[in-house]
file entry-v6.txt (compact mmCIF, C-alpha atoms)
# COMPACT_ATOMS: atom_id res chain seq x y z
CA MET M 1 36.62 -20.58 5.25
CA TYR M 2 38.61 -17.54 6.05
CA GLU M 3 40.53 -14.86 4.30
CA THR M 4 44.26 -15.09 4.72
CA VAL M 5 45.21 -12.08 2.67
CA ALA M 6 44.43 -8.64 4.01
CA GLU M 7 42.23 -6.81 1.54
CA THR M 8 42.85 -3.22 0.63
CA PRO M 9 40.06 -1.11 2.10
CA SER M 10 37.74 0.43 -0.45
CA ASP M 11 37.38 4.17 -0.81
CA ALA M 12 33.95 3.99 0.81
CA GLU M 13 35.33 2.09 3.80
CA LEU M 14 38.14 4.59 4.19
CA VAL M 15 35.75 7.53 4.00
CA GLN M 16 33.70 5.95 6.77
CA GLN M 17 36.83 5.69 8.86
CA VAL M 18 37.70 9.29 8.08
CA ALA M 19 34.25 10.23 9.36
CA GLN M 20 35.16 8.50 12.60
CA GLY M 21 38.28 10.59 12.89
CA GLU M 22 40.85 8.06 11.74
CA GLU M 23 43.76 9.98 10.34
CA GLU M 24 45.34 6.88 8.82
CA ALA M 25 42.32 6.45 6.59
CA LEU M 26 42.60 10.00 5.35
CA GLN M 27 46.27 9.42 4.71
CA ALA M 28 45.47 6.31 2.69
CA LEU M 29 43.01 8.26 0.54
CA PHE M 30 45.50 11.08 0.19
CA GLN M 31 48.12 8.64 -1.05
CA ARG M 32 45.62 6.93 -3.33
CA HIS M 33 44.13 10.03 -4.98
CA GLY M 34 46.44 12.92 -4.18
CA GLY M 35 48.49 12.56 -7.34
CA ALA M 36 45.44 12.67 -9.57
CA VAL M 37 43.94 15.66 -7.79
CA THR M 38 47.24 17.49 -8.04
CA ALA M 39 47.42 16.75 -11.74
CA LEU M 40 43.92 18.11 -12.31
CA ALA M 41 44.67 21.28 -10.40
CA ARG M 42 47.99 21.74 -12.17
CA ARG M 43 46.29 21.29 -15.53
CA MET M 44 43.63 23.86 -14.69
CA LEU M 45 45.78 26.45 -12.95
CA GLY M 46 49.16 25.91 -14.56
CA ASP M 47 50.95 26.46 -11.29
CA ARG M 48 52.48 23.86 -9.04
CA GLN M 49 52.13 25.84 -5.83
CA GLU M 50 48.48 26.63 -6.45
CA ALA M 51 47.85 23.02 -7.36
CA GLU M 52 49.30 22.01 -4.02
CA GLU M 53 46.95 24.42 -2.27
CA ILE M 54 43.98 22.99 -4.14
CA LEU M 55 45.08 19.51 -3.14
CA GLN M 56 45.15 20.53 0.50
CA ASP M 57 41.79 22.28 0.35
CA THR M 58 40.18 19.37 -1.47
CA PHE M 59 41.17 16.84 1.14
CA LEU M 60 40.27 19.21 3.93
CA ARG M 61 36.78 19.38 2.40
CA LEU M 62 36.71 15.60 2.27
CA HIS M 63 37.62 15.46 5.93
CA GLN M 64 34.93 17.98 6.82
CA ASN M 65 32.21 16.25 4.88
CA ALA M 66 33.10 12.59 5.21
CA PRO M 67 30.15 11.84 7.52
CA ARG M 68 27.76 12.87 4.76
CA PHE M 69 29.47 11.25 1.82
CA ASP M 70 27.19 8.93 -0.13
CA GLY M 71 29.36 6.51 -2.02
CA GLN M 72 26.37 4.75 -3.51
CA ARG M 73 25.85 7.43 -6.13
CA ALA M 74 29.34 8.21 -7.32
CA ALA M 75 32.93 7.22 -6.86
CA LEU M 76 35.05 9.11 -4.39
CA ARG M 77 37.42 9.97 -7.19
CA THR M 78 34.60 11.70 -9.06
CA TYR M 79 33.73 13.59 -5.92
CA LEU M 80 37.32 14.67 -5.31
CA PHE M 81 37.71 15.80 -8.90
CA ALA M 82 34.48 17.77 -8.65
CA ILE M 83 35.63 19.55 -5.50
CA ALA M 84 39.03 20.29 -6.95
CA ARG M 85 37.55 21.55 -10.21
CA ASN M 86 35.20 23.89 -8.41
CA LEU M 87 38.04 25.24 -6.31
CA CYS M 88 40.15 25.74 -9.42
CA LEU M 89 37.32 27.46 -11.29
CA SER M 90 36.93 29.83 -8.39
CA ARG M 91 40.57 30.80 -8.72
CA LEU M 92 40.32 31.12 -12.47
CA ARG M 93 37.39 33.47 -12.10
CA ALA M 94 39.43 35.57 -9.72
CA ARG M 95 42.17 35.93 -12.28
CA SER M 96 42.10 38.53 -14.97
CA SER M 97 43.27 36.05 -17.55
CA ARG M 98 43.12 32.36 -18.17
CA PRO M 99 46.11 30.20 -17.31
CA ARG M 100 48.80 29.53 -19.79
CA LYS M 101 49.94 26.07 -20.59
CA ALA M 102 51.17 24.30 -17.49
CA ALA M 103 54.86 24.75 -16.89
CA ASP M 104 57.13 21.86 -17.58
CA ALA M 105 57.78 19.53 -14.73
CA ASP M 106 60.37 20.93 -12.39
CA PRO M 107 63.22 19.00 -10.77
CA HIS M 108 61.11 18.64 -7.71
CA ASP M 109 58.63 16.58 -9.66
CA VAL M 110 61.32 14.47 -11.22
CA ALA M 111 62.67 13.57 -7.84
CA PHE M 112 59.36 12.13 -6.88
CA GLN M 113 58.38 10.41 -10.08
CA ALA M 114 59.26 7.09 -8.52
CA ALA M 115 56.44 7.58 -6.08
CA VAL M 116 53.81 8.00 -8.76
CA GLY M 117 53.14 4.33 -8.97
CA ALA M 118 52.10 4.31 -5.35
CA PHE M 119 49.35 6.79 -6.05
CA ASP M 120 47.56 5.65 -9.14
CA ASP M 121 46.46 2.62 -11.02
CA PRO M 122 47.36 3.39 -14.66
CA LEU M 123 44.37 1.53 -16.10
CA PRO M 124 41.74 4.28 -15.77
CA GLY M 125 44.08 6.69 -17.47
CA ILE M 126 44.63 4.35 -20.37
CA VAL M 127 40.89 3.80 -20.80
CA VAL M 128 40.10 7.52 -20.70
CA ARG M 129 42.89 8.43 -23.10
CA GLY M 130 41.51 5.80 -25.45
CA ALA M 131 38.04 7.30 -25.19
CA LEU M 132 39.37 10.81 -25.81
CA GLU M 133 41.26 9.66 -28.87
CA ARG M 134 38.02 8.43 -30.37
CA LEU M 135 36.44 11.85 -30.20
CA GLU M 136 36.65 14.25 -33.08
CA ALA M 137 39.50 16.62 -32.49
CA GLU M 138 37.29 19.70 -32.30
CA ASP M 139 34.85 18.01 -29.95
CA ARG M 140 37.64 16.92 -27.70
CA ALA M 141 39.17 20.39 -27.65
CA LEU M 142 35.84 21.95 -26.76
CA LEU M 143 35.16 19.46 -24.01
CA GLU M 144 38.60 19.91 -22.48
CA ALA M 145 38.41 23.69 -22.70
CA ALA M 146 35.04 23.70 -20.98
CA PHE M 147 36.15 21.26 -18.33
CA TYR M 148 39.64 22.48 -17.53
CA GLN M 149 39.34 26.19 -18.21
CA GLY M 150 35.69 26.67 -17.41
CA TYR M 151 34.99 28.57 -20.61
CA SER M 152 31.36 29.47 -21.18
CA HIS M 153 29.47 28.60 -24.33
CA SER M 154 29.90 32.10 -25.71
CA GLU M 155 33.63 32.14 -24.92
CA LEU M 156 34.07 28.79 -26.63
CA ALA M 157 32.13 30.03 -29.62
CA ALA M 158 34.31 33.12 -29.90
CA LEU M 159 37.56 31.28 -29.36
CA ASN M 160 36.75 28.64 -31.94
CA ASP M 161 34.83 30.84 -34.35
CA MET M 162 31.79 28.62 -34.13
CA PRO M 163 28.09 29.36 -33.84
CA LEU M 164 26.83 29.08 -30.28
CA GLY M 165 24.48 26.26 -31.20
CA THR M 166 27.32 24.28 -32.71
CA VAL M 167 29.36 24.61 -29.52
CA LYS M 168 26.47 23.34 -27.46
CA SER M 169 25.71 20.42 -29.72
CA ARG M 170 29.38 19.44 -29.99
CA LEU M 171 29.82 19.49 -26.23
CA ARG M 172 26.79 17.29 -25.74
CA ARG M 173 27.96 14.92 -28.42
CA ALA M 174 31.44 14.74 -26.99
CA LEU M 175 30.24 13.86 -23.52
CA ALA M 176 27.77 11.33 -24.84
CA LYS M 177 30.55 9.64 -26.79
CA MET M 178 32.86 9.69 -23.79
CA ARG M 179 30.21 7.99 -21.75
CA ALA M 180 29.55 5.39 -24.43
CA HIS M 181 33.24 4.65 -24.84
CA LEU M 182 33.85 4.40 -21.13
CA GLU M 183 30.83 2.24 -20.45
CA GLY M 184 31.63 0.08 -23.43
CA GLY M 185 35.22 -0.22 -22.34
CA ALA M 186 34.16 -1.26 -18.91
CA ALA M 187 31.94 -4.05 -20.18
CA MET V 1 10.01 17.35 -26.89
CA SER V 2 8.89 16.43 -23.37
CA ALA V 3 9.99 18.45 -20.37
CA GLU V 4 12.19 15.62 -19.16
CA ALA V 5 13.76 15.20 -22.56
CA SER V 6 14.61 18.88 -22.72
CA VAL V 7 16.17 18.71 -19.28
CA ARG V 8 18.10 15.63 -20.31
CA GLU V 9 19.62 17.67 -23.12
CA LEU V 10 20.79 20.23 -20.62
CA LEU V 11 22.58 17.74 -18.40
CA PRO V 12 26.04 18.01 -20.01
CA ASP V 13 25.99 21.79 -19.70
CA TYR V 14 24.62 21.48 -16.19
CA LEU V 15 27.47 19.23 -15.16
CA LEU V 16 30.00 21.56 -16.75
CA GLY V 17 28.50 24.51 -14.90
CA LEU V 18 27.58 26.28 -18.11
CA LEU V 19 23.91 26.92 -17.46
CA GLU V 20 22.32 30.15 -16.41
CA PRO V 21 21.02 30.08 -12.84
CA HIS V 22 17.41 29.74 -13.88
CA GLU V 23 18.28 26.85 -16.18
CA ALA V 24 20.30 25.13 -13.47
CA ALA V 25 17.40 25.54 -11.08
CA ARG V 26 15.13 23.90 -13.60
CA VAL V 27 17.50 20.95 -13.87
CA ASP V 28 17.73 20.75 -10.08
CA GLN V 29 13.97 20.52 -9.83
CA ALA V 30 13.79 17.88 -12.52
CA LEU V 31 16.51 15.83 -10.83
CA ALA V 32 14.68 16.01 -7.55
CA ARG V 33 11.58 14.60 -9.22
CA SER V 34 13.02 11.90 -11.44
CA ALA V 35 15.15 8.99 -10.31
CA GLU V 36 15.73 8.07 -13.94
CA LEU V 37 17.12 11.51 -14.64
CA ARG V 38 19.38 11.26 -11.59
CA THR V 39 20.74 8.00 -12.86
CA GLU V 40 21.40 9.61 -16.21
CA ALA V 41 23.13 12.55 -14.56
CA ASP V 42 25.26 10.22 -12.43
CA ALA V 43 26.42 8.35 -15.51
CA LEU V 44 27.28 11.52 -17.39
CA ARG V 45 29.06 12.92 -14.38
CA ALA V 46 31.15 9.78 -14.08
CA ALA V 47 32.14 10.14 -17.73
CA LEU V 48 32.88 13.85 -17.46
CA PHE V 49 34.93 13.59 -14.31
CA ALA V 50 36.88 10.72 -15.77
CA LEU V 51 38.64 13.27 -17.96
CA PRO V 52 41.42 13.96 -15.44
CA GLU V 53 42.26 10.27 -15.45
CA ALA V 54 43.99 10.97 -18.75
CA LEU V 55 46.48 13.23 -16.98
CA GLU V 56 49.74 11.95 -15.60
CA PRO V 57 49.48 11.93 -11.82
CA GLU V 58 51.68 14.41 -10.02
CA PRO V 59 52.84 13.33 -6.60
CA PRO V 60 52.12 15.85 -3.88
CA ALA V 61 55.02 17.89 -2.62
CA PRO V 62 57.15 16.52 0.21
CA GLY V 63 55.52 17.28 3.51
CA SER V 64 52.14 17.75 1.88
CA TRP V 65 50.48 15.08 3.97
CA GLU V 66 52.00 16.45 7.15
CA THR V 67 50.69 19.90 6.30
CA LEU V 68 47.22 18.53 5.62
CA LEU V 69 47.28 16.56 8.86
CA ALA V 70 48.20 19.68 10.78
CA ARG V 71 45.34 21.58 9.15
CA VAL V 72 42.94 18.78 10.01
CA ARG V 73 44.03 18.85 13.62
CA GLU V 74 43.91 22.62 13.65
CA GLU V 75 40.36 22.51 12.36
CA ARG V 76 39.37 19.99 15.00
CA ALA V 77 40.85 22.27 17.61
CA ARG V 78 38.98 25.22 16.22
CA SER V 79 35.74 23.23 16.20
CA ALA V 80 36.30 22.20 19.78
CA ILE V 81 36.88 25.79 20.78
CA GLU V 82 34.45 27.65 18.60
CA GLY V 83 32.00 25.03 17.35
CA PRO V 84 31.73 23.63 13.83
CA ALA V 85 32.73 25.76 10.90
CA VAL V 86 29.92 27.84 9.48
CA GLU V 87 30.52 26.71 5.95
CA ARG V 88 29.96 22.99 5.71
CA PRO V 89 28.99 22.31 2.12
CA ALA V 90 26.67 19.43 1.47
CA ILE V 91 28.25 16.30 0.19
CA SER V 92 26.82 13.48 -1.78
CA GLY V 93 28.28 11.25 -4.34
CA THR V 94 26.67 13.36 -6.97
CA ALA V 95 25.88 16.56 -5.15
CA THR V 96 23.39 17.97 -7.52
CA GLY V 97 22.78 21.65 -7.62
CA ALA V 98 26.29 22.96 -8.06
CA PRO V 99 28.13 23.38 -11.30
CA GLY V 100 30.21 20.33 -11.82
CA GLY V 101 28.22 18.53 -9.25
CA ALA V 102 30.47 18.92 -6.28
CA GLY V 103 28.09 20.81 -4.10
CA THR V 104 30.90 22.95 -2.83
CA THR V 105 31.37 26.63 -2.34
CA PRO V 106 34.96 27.40 -3.20
CA PRO V 107 36.76 29.34 -0.51
CA VAL V 108 38.23 32.73 -1.21
CA PRO V 109 41.98 32.45 -1.62
CA PRO V 110 43.81 33.73 1.43
CA PRO V 111 44.63 37.43 1.21
CA ALA V 112 48.16 38.71 1.01
CA THR V 113 50.26 38.87 4.08
CA ALA V 114 49.45 41.77 6.34
CA PRO V 115 52.14 44.49 6.06
CA SER V 116 52.45 44.70 9.80
CA LEU V 117 53.87 41.22 10.07
CA ALA V 118 57.42 42.13 9.16
CA ALA V 119 57.81 44.22 12.25
CA ALA V 120 56.27 41.55 14.38
CA ARG V 121 58.58 38.91 12.94
CA ARG V 122 61.62 40.83 14.10
CA ARG V 123 60.56 40.30 17.67
CA ARG V 124 60.74 36.57 17.46
CA PRO V 125 64.19 35.91 19.00
CA VAL V 126 63.33 37.87 22.10
CA LEU V 127 59.90 36.45 22.59
CA ALA V 128 60.31 32.80 21.72
CA VAL V 129 60.92 32.13 25.37
CA ALA V 130 57.50 33.47 26.17
CA LEU V 131 55.91 30.98 23.83
CA ALA V 132 58.01 28.17 25.24
CA VAL V 133 56.73 29.01 28.71
CA ALA V 134 53.20 29.10 27.43
CA LEU V 135 53.65 25.76 25.72
CA THR V 136 54.91 24.18 28.89
CA LEU V 137 51.92 25.46 30.75
CA LEU V 138 49.63 24.32 28.00
CA VAL V 139 50.34 20.65 28.59
CA GLY V 140 48.80 20.61 32.04
CA THR V 141 45.04 20.54 31.97
CA ALA V 142 42.68 20.37 34.88
CA GLY V 143 38.97 20.10 35.03
CA TRP V 144 36.20 18.81 37.21
CA GLY V 145 33.19 16.62 36.73
CA ALA V 146 31.68 16.58 33.30
CA LEU V 147 34.02 19.28 32.05
CA GLN V 148 37.16 17.29 32.75
CA GLN V 149 37.19 15.23 29.57
CA ARG V 150 36.17 18.16 27.41
CA ARG V 151 38.91 20.30 28.84
CA ALA V 152 41.44 17.52 28.34
CA ASP V 153 40.35 17.10 24.73
CA LEU V 154 40.49 20.82 24.20
CA ALA V 155 43.98 21.03 25.62
CA ALA V 156 45.14 18.14 23.46
CA HIS V 157 43.81 19.87 20.37
CA GLU V 158 45.40 23.12 21.38
CA GLU V 159 48.67 21.41 22.03
CA ALA V 160 48.57 19.84 18.57
CA VAL V 161 47.92 23.20 16.95
CA VAL V 162 50.73 24.89 18.83
CA ALA V 163 53.14 22.06 18.09
CA TYR V 164 52.34 22.42 14.40
CA TRP V 165 52.73 26.18 14.39
CA MET V 166 56.08 25.97 16.11
CA ARG V 167 57.44 24.02 13.17
CA ILE V 168 56.65 26.79 10.69
CA PRO V 169 59.79 28.79 9.89
CA ASP V 170 58.12 32.14 9.24
CA LEU V 171 56.11 32.24 12.42
CA SER V 172 56.07 35.66 14.02
CA ILE V 173 55.64 35.85 17.75
CA VAL V 174 54.40 38.93 19.55
CA SER V 175 54.19 39.15 23.32
CA LEU V 176 50.91 40.43 24.68
CA GLU V 177 51.10 43.30 27.12
CA ALA V 178 49.31 42.54 30.36
CA VAL V 179 46.70 45.11 31.30
CA GLN V 180 45.73 43.67 34.68
CA GLY V 181 48.90 41.86 35.70
CA GLY V 182 49.72 38.19 35.37
CA HIS V 183 51.22 36.35 32.42
CA PRO V 184 50.02 38.05 29.27
CA GLY V 185 50.44 35.22 26.75
CA VAL V 186 51.55 35.58 23.16
CA ALA V 187 50.20 36.17 19.69
CA CYS V 188 51.59 34.16 16.78
CA VAL V 189 51.12 35.20 13.17
CA LEU V 190 51.82 33.29 9.97
CA PRO V 191 52.81 34.94 6.70
CA ASP V 192 49.45 34.15 5.13
CA GLY V 193 47.64 36.10 7.82
CA ARG V 194 46.53 33.23 10.01
CA ALA V 195 47.15 33.98 13.63
CA MET V 196 46.50 32.76 17.13
CA VAL V 197 46.55 34.06 20.64
CA LEU V 198 47.79 31.66 23.27
CA GLN V 199 47.29 32.14 26.98
CA PRO V 200 49.12 30.21 29.70
CA HIS V 201 45.91 29.43 31.58
CA ALA V 202 42.31 28.83 30.68
CA PRO V 203 39.88 31.39 32.09
CA SER V 204 38.22 30.64 35.39
CA ALA V 205 35.10 28.46 35.44
CA GLY V 206 32.17 29.97 33.60
CA ARG V 207 34.32 32.60 31.92
CA SER V 208 35.65 32.82 28.38
CA TYR V 209 38.45 34.65 26.70
CA VAL V 210 37.20 37.02 24.04
CA LEU V 211 39.61 38.28 21.40
CA TYR V 212 39.02 41.58 19.64
CA GLY V 213 40.77 42.87 16.58
CA LEU V 214 41.61 46.57 16.31
CA THR V 215 40.97 47.87 12.82
CA GLY V 216 41.94 51.51 13.22
CA THR V 217 38.33 52.60 13.17
CA GLY V 218 37.06 50.34 15.91
CA ARG V 219 37.26 46.80 17.15
CA VAL V 220 35.65 43.58 16.06
CA GLU V 221 35.27 40.32 17.90
CA LEU V 222 37.56 37.68 16.43
CA GLY V 223 36.66 34.72 18.58
CA ARG V 224 36.22 33.37 22.06
CA THR V 225 37.21 30.26 23.96
CA ARG V 226 37.06 28.57 27.31
CA GLY V 227 40.49 27.17 26.55
CA ARG V 228 43.76 28.95 25.99
CA LEU V 229 43.92 29.32 22.24
CA ILE V 230 42.00 31.49 19.78
CA LEU V 231 42.68 31.27 16.07
CA PHE V 232 41.99 34.29 13.93
CA ARG V 233 43.12 36.19 10.85
CA ALA V 234 45.40 39.17 11.31
CA ASP V 235 44.77 40.72 7.90
CA GLY V 236 44.17 44.43 8.20
CA LEU V 237 44.40 44.49 11.98
CA THR V 238 46.52 47.04 13.79
CA GLY V 239 46.35 45.15 17.05
CA VAL V 240 44.41 42.78 19.28
CA GLU V 241 42.86 42.96 22.71
CA LEU V 242 42.07 39.97 24.86
CA ALA V 243 39.25 40.26 27.33
CA VAL V 244 37.61 37.99 29.86
CA SER V 245 33.86 37.68 29.66
CA GLY V 246 31.66 38.52 32.59
CA PRO V 247 30.82 41.51 34.79
CA SER V 248 34.26 41.83 36.35
CA GLY V 249 36.05 40.90 33.16
CA GLY V 250 37.37 43.41 30.70
CA VAL V 251 40.56 43.63 28.72
CA VAL V 252 43.41 41.66 30.27
CA ALA V 253 46.04 41.87 27.55
CA LYS V 254 46.73 43.61 24.29
CA ALA V 255 49.28 43.74 21.51
CA SER V 256 50.10 45.94 18.58
CA LEU V 257 50.54 44.22 15.24
CA ASN V 258 52.15 47.23 13.61
call {"tool": "encode", "arguments": {"input": "entry-v6.txt", "output": "structure tokens"}}
result
Amino acid sequence: MYETVAETPSDAELVQQVAQGEEEALQALFQRHGGAVTALARRMLGDRQEAEEILQDTFLRLHQNAPRFDGQRAALRTYLFAIARNLCLSRLRARSSRPRKAADADPHDVAFQAAVGAFDDPLPGIVVRGALERLEAEDRALLEAAFYQGYSHSELAALNDMPLGTVKSRLRRALAKMRAHLEGGAA
Amino acid sequence: MSAEASVRELLPDYLLGLLEPHEAARVDQALARSAELRTEADALRAALFALPEALEPEPPAPGSWETLLARVREERARSAIEGPAVERPAISGTATGAPGGAGTTPPVPPPATAPSLAAARRRRPVLAVALAVALTLLVGTAGWGALQQRRADLAAHEEAVVAYWMRIPDLSIVSLEAVQGGHPGVACVLPDGRAMVLQPHAPSAGRSYVLYGLTGTGRVELGRTRGRLILFRADGLTGVELAVSGPSGGVVAKASLN
């Protein structure tokens, strides 16, 4: 018995190839995850140019550290998001103010919308949006503010006029629910 | 509440990077001890970092991959010349210990363009020929014995870096002034402060080129190579001096960046 259809390499396989210096593997990962990383950075920083820089730096980190990547413990996507978020938080801390709402898509983006499908499977997005919709509105807002803007507990408490303890408990509850929804959805 | 249970309660804040350092250290220690806790943290991390999946993907800008590829090749070249980068953050699928779990130390954003670059940029039309000559010379690489392959690899990396830099529109090129005769080479500076010095020949066997930056109050070593290319940052520098290592070495070329 033999396989007649070429299988798409997994992320882990591609990372191994990146570790061996194969540029095509890095390109495949860039095409597969670059759109999502850009979206995260754009959401956090509100600036297309800076998001592009974060994208570059994130994949450069991946290239640097590919030999030590352990795909057994987490998905590459999670790892890329974590790198990008840390890079974004660093920039946010360097700013005197938090970012405003991300600017509307510019014509440049529109011109490349057709390529979006090549980058991302829509299913994870649908599942996560469904999980977010099941959270209480305040919990969701707190979780997103902590994740995307890096607000501290005390900042969140002040911004939302909530006791510190309530912020903490709501954040924990929100993440626990997210996990339950996502794991339930995956079953 | 048991110690593990109290740590478990901290995991969401830990993953969000909201803990005080002493609290994060406590979680780190607990994670190191307990496989069950690590599994719990992995699951929560997967849920937390699924949040961006809800965002509409934004395709990278045109030429983004090409830019990344050039940076990758540039980094390889730098590693070949100067050894691995100092900062190589640990990677694991979970990377405990860092807020958000990436195990990364975010780099400082590149500083603003050095003011001296505008003047340097004006010299480009006159001096592009110098770089072209240097590029031509760069292709040929010779070596002996065990060094032959390494030198060939080094030259290939250097060639890739130079080829990339030559495609950048705002590249400023400054001719080095020879101090001891011979072809002085060139310095190239990008608007973001990245810069390189390119020599037409590698130093003689056993020698290295050493590049110094002039700061106005003194000079600092910027890098050294046994090849022909040294990458450095021009921010805040008034000029550069290129020396050859060894007893009979000394400064062979210099350039003002003002």
call {"tool": "closest_residue", "arguments": {"input": "entry-v6.txt", "among": "V:Pro57, V:Gly227, V:Gly218, V:Gly250", "to": "Arg43 in chain M", "atoms": "all atoms listed in the file"}}
result
V:Pro57
call {"tool": "atom_distance", "arguments": {"input": "entry-v6.txt", "atom1": "CA of Thr238 in chain V", "atom2": "CA of Ile168 in chain V"}}
result
22.9 Å
call {"tool": "interface_residues", "arguments": {"input": "entry-v6.txt", "of": "chain M", "to": "chain V", "cutoff": "6 Å", "atoms": "all atoms listed in the file", "output": "list in words"}}
result
Gly35, Ala36, Thr38, Ala39, Leu40, Gln56, Arg68, Phe69, Asp70, Gly71, Arg73, Ala74, Thr78, Ala82, Ile83, Leu87, Val116, Gly125, Val128, Arg129, Ser152, Arg172 and Arg179 of chain M
call {"tool": "atom_distance", "arguments": {"input": "entry-v6.txt", "atom1": "CA of Tyr148 in chain M", "atom2": "CA of Met44 in chain M"}}
result
5.1 Å
call {"tool": "axis_aligned_box", "arguments": {"input": "entry-v6.txt", "around": "range 41-60 of chain M", "padding_each_side": "4 Å", "output": "JSON"}}
result
{"center_x": 46.3, "center_y": 21.7, "center_z": -5.8, "size_x": 20.3, "size_y": 17.8, "size_z": 27.5}
call {"tool": "residues_around", "arguments": {"input": "entry-v6.txt", "residues": "Leu156 in chain M", "least_positions_apart": "5", "cutoff": "12 Å", "atoms": "all atoms listed in the file", "output": "PyMOL selection string"}}
result
(chain M and resi 138-139+141-147+149-151+161-168+170-171) or (chain V and resi 18)
call {"tool": "atom_distance", "arguments": {"input": "entry-v6.txt", "atom1": "CA of Glu24 in chain M", "atom2": "CA of Glu158 in chain V"}}
result
20.5 Å
call {"tool": "decode", "arguments": {"input": "entry-v6.txt", "residues": "range 76-81 of chain M", "atoms": "all heavy atoms", "output": "PDB file, in the first residue's frame"}}
result
ATOM      1  N   LEU M  76       2.508  25.150  17.142  1.00  0.00           N
ATOM      2  CA  LEU M  76       3.367  26.228  16.649  1.00  0.00           C
ATOM      3  C   LEU M  76       2.613  27.555  16.646  1.00  0.00           C
ATOM      4  O   LEU M  76       3.171  28.605  16.951  1.00  0.00           O
ATOM      5  CB  LEU M  76       3.854  25.913  15.237  1.00  0.00           C
ATOM      6  CG  LEU M  76       4.701  27.014  14.614  1.00  0.00           C
ATOM      7  CD1 LEU M  76       6.032  27.144  15.333  1.00  0.00           C
ATOM      8  CD2 LEU M  76       4.922  26.755  13.132  1.00  0.00           C
ATOM      9  N   ARG M  77       1.356  27.491  16.296  1.00  0.00           N
ATOM     10  CA  ARG M  77       0.553  28.710  16.242  1.00  0.00           C
ATOM     11  C   ARG M  77       0.536  29.406  17.613  1.00  0.00           C
ATOM     12  O   ARG M  77       0.667  30.610  17.710  1.00  0.00           O
ATOM     13  CB  ARG M  77      -0.868  28.327  15.831  1.00  0.00           C
ATOM     14  CG  ARG M  77      -1.783  29.485  15.599  1.00  0.00           C
ATOM     15  CD  ARG M  77      -1.790  29.876  14.156  1.00  0.00           C
ATOM     16  NE  ARG M  77      -3.078  30.348  13.740  1.00  0.00           N
ATOM     17  CZ  ARG M  77      -3.428  30.546  12.485  1.00  0.00           C
ATOM     18  NH1 ARG M  77      -2.570  30.313  11.513  1.00  0.00           N
ATOM     19  NH2 ARG M  77      -4.607  30.984  12.167  1.00  0.00           N
ATOM     20  N   THR M  78       0.354  28.604  18.657  1.00  0.00           N
ATOM     21  CA  THR M  78       0.383  29.158  20.013  1.00  0.00           C
ATOM     22  C   THR M  78       1.725  29.811  20.286  1.00  0.00           C
ATOM     23  O   THR M  78       1.799  30.910  20.860  1.00  0.00           O
ATOM     24  CB  THR M  78       0.132  28.033  21.044  1.00  0.00           C
ATOM     25  OG1 THR M  78      -1.160  27.485  20.814  1.00  0.00           O
ATOM     26  CG2 THR M  78       0.206  28.561  22.467  1.00  0.00           C
ATOM     27  N   TYR M  79       2.769  29.142  19.874  1.00  0.00           N
ATOM     28  CA  TYR M  79       4.116  29.670  20.090  1.00  0.00           C
ATOM     29  C   TYR M  79       4.317  30.991  19.328  1.00  0.00           C
ATOM     30  O   TYR M  79       4.838  31.966  19.877  1.00  0.00           O
ATOM     31  CB  TYR M  79       5.151  28.634  19.639  1.00  0.00           C
ATOM     32  CG  TYR M  79       6.548  29.169  19.707  1.00  0.00           C
ATOM     33  CD1 TYR M  79       7.157  29.401  20.933  1.00  0.00           C
ATOM     34  CD2 TYR M  79       7.250  29.467  18.550  1.00  0.00           C
ATOM     35  CE1 TYR M  79       8.436  29.913  21.005  1.00  0.00           C
ATOM     36  CE2 TYR M  79       8.528  29.981  18.614  1.00  0.00           C
ATOM     37  CZ  TYR M  79       9.114  30.201  19.836  1.00  0.00           C
ATOM     38  OH  TYR M  79      10.375  30.721  19.903  1.00  0.00           O
ATOM     39  N   LEU M  80       3.878  31.012  18.087  1.00  0.00           N
ATOM     40  CA  LEU M  80       4.043  32.236  17.285  1.00  0.00           C
ATOM     41  C   LEU M  80       3.240  33.391  17.892  1.00  0.00           C
ATOM     42  O   LEU M  80       3.717  34.529  17.970  1.00  0.00           O
ATOM     43  CB  LEU M  80       3.600  31.986  15.840  1.00  0.00           C
ATOM     44  CG  LEU M  80       4.491  31.055  15.018  1.00  0.00           C
ATOM     45  CD1 LEU M  80       3.837  30.752  13.677  1.00  0.00           C
ATOM     46  CD2 LEU M  80       5.872  31.666  14.797  1.00  0.00           C
ATOM     47  N   PHE M  81       2.035  33.086  18.312  1.00  0.00           N
ATOM     48  CA  PHE M  81       1.210  34.129  18.940  1.00  0.00           C
ATOM     49  C   PHE M  81       1.881  34.645  20.218  1.00  0.00           C
ATOM     50  O   PHE M  81       1.831  35.834  20.525  1.00  0.00           O
ATOM     51  CB  PHE M  81      -0.174  33.588  19.277  1.00  0.00           C
ATOM     52  CG  PHE M  81      -1.123  33.501  18.094  1.00  0.00           C
ATOM     53  CD1 PHE M  81      -2.182  32.600  18.094  1.00  0.00           C
ATOM     54  CD2 PHE M  81      -0.960  34.312  16.983  1.00  0.00           C
ATOM     55  CE1 PHE M  81      -3.058  32.513  17.019  1.00  0.00           C
ATOM     56  CE2 PHE M  81      -1.826  34.232  15.895  1.00  0.00           C
ATOM     57  CZ  PHE M  81      -2.872  33.326  15.918  1.00  0.00           C
TER      58      PHE M  81
END
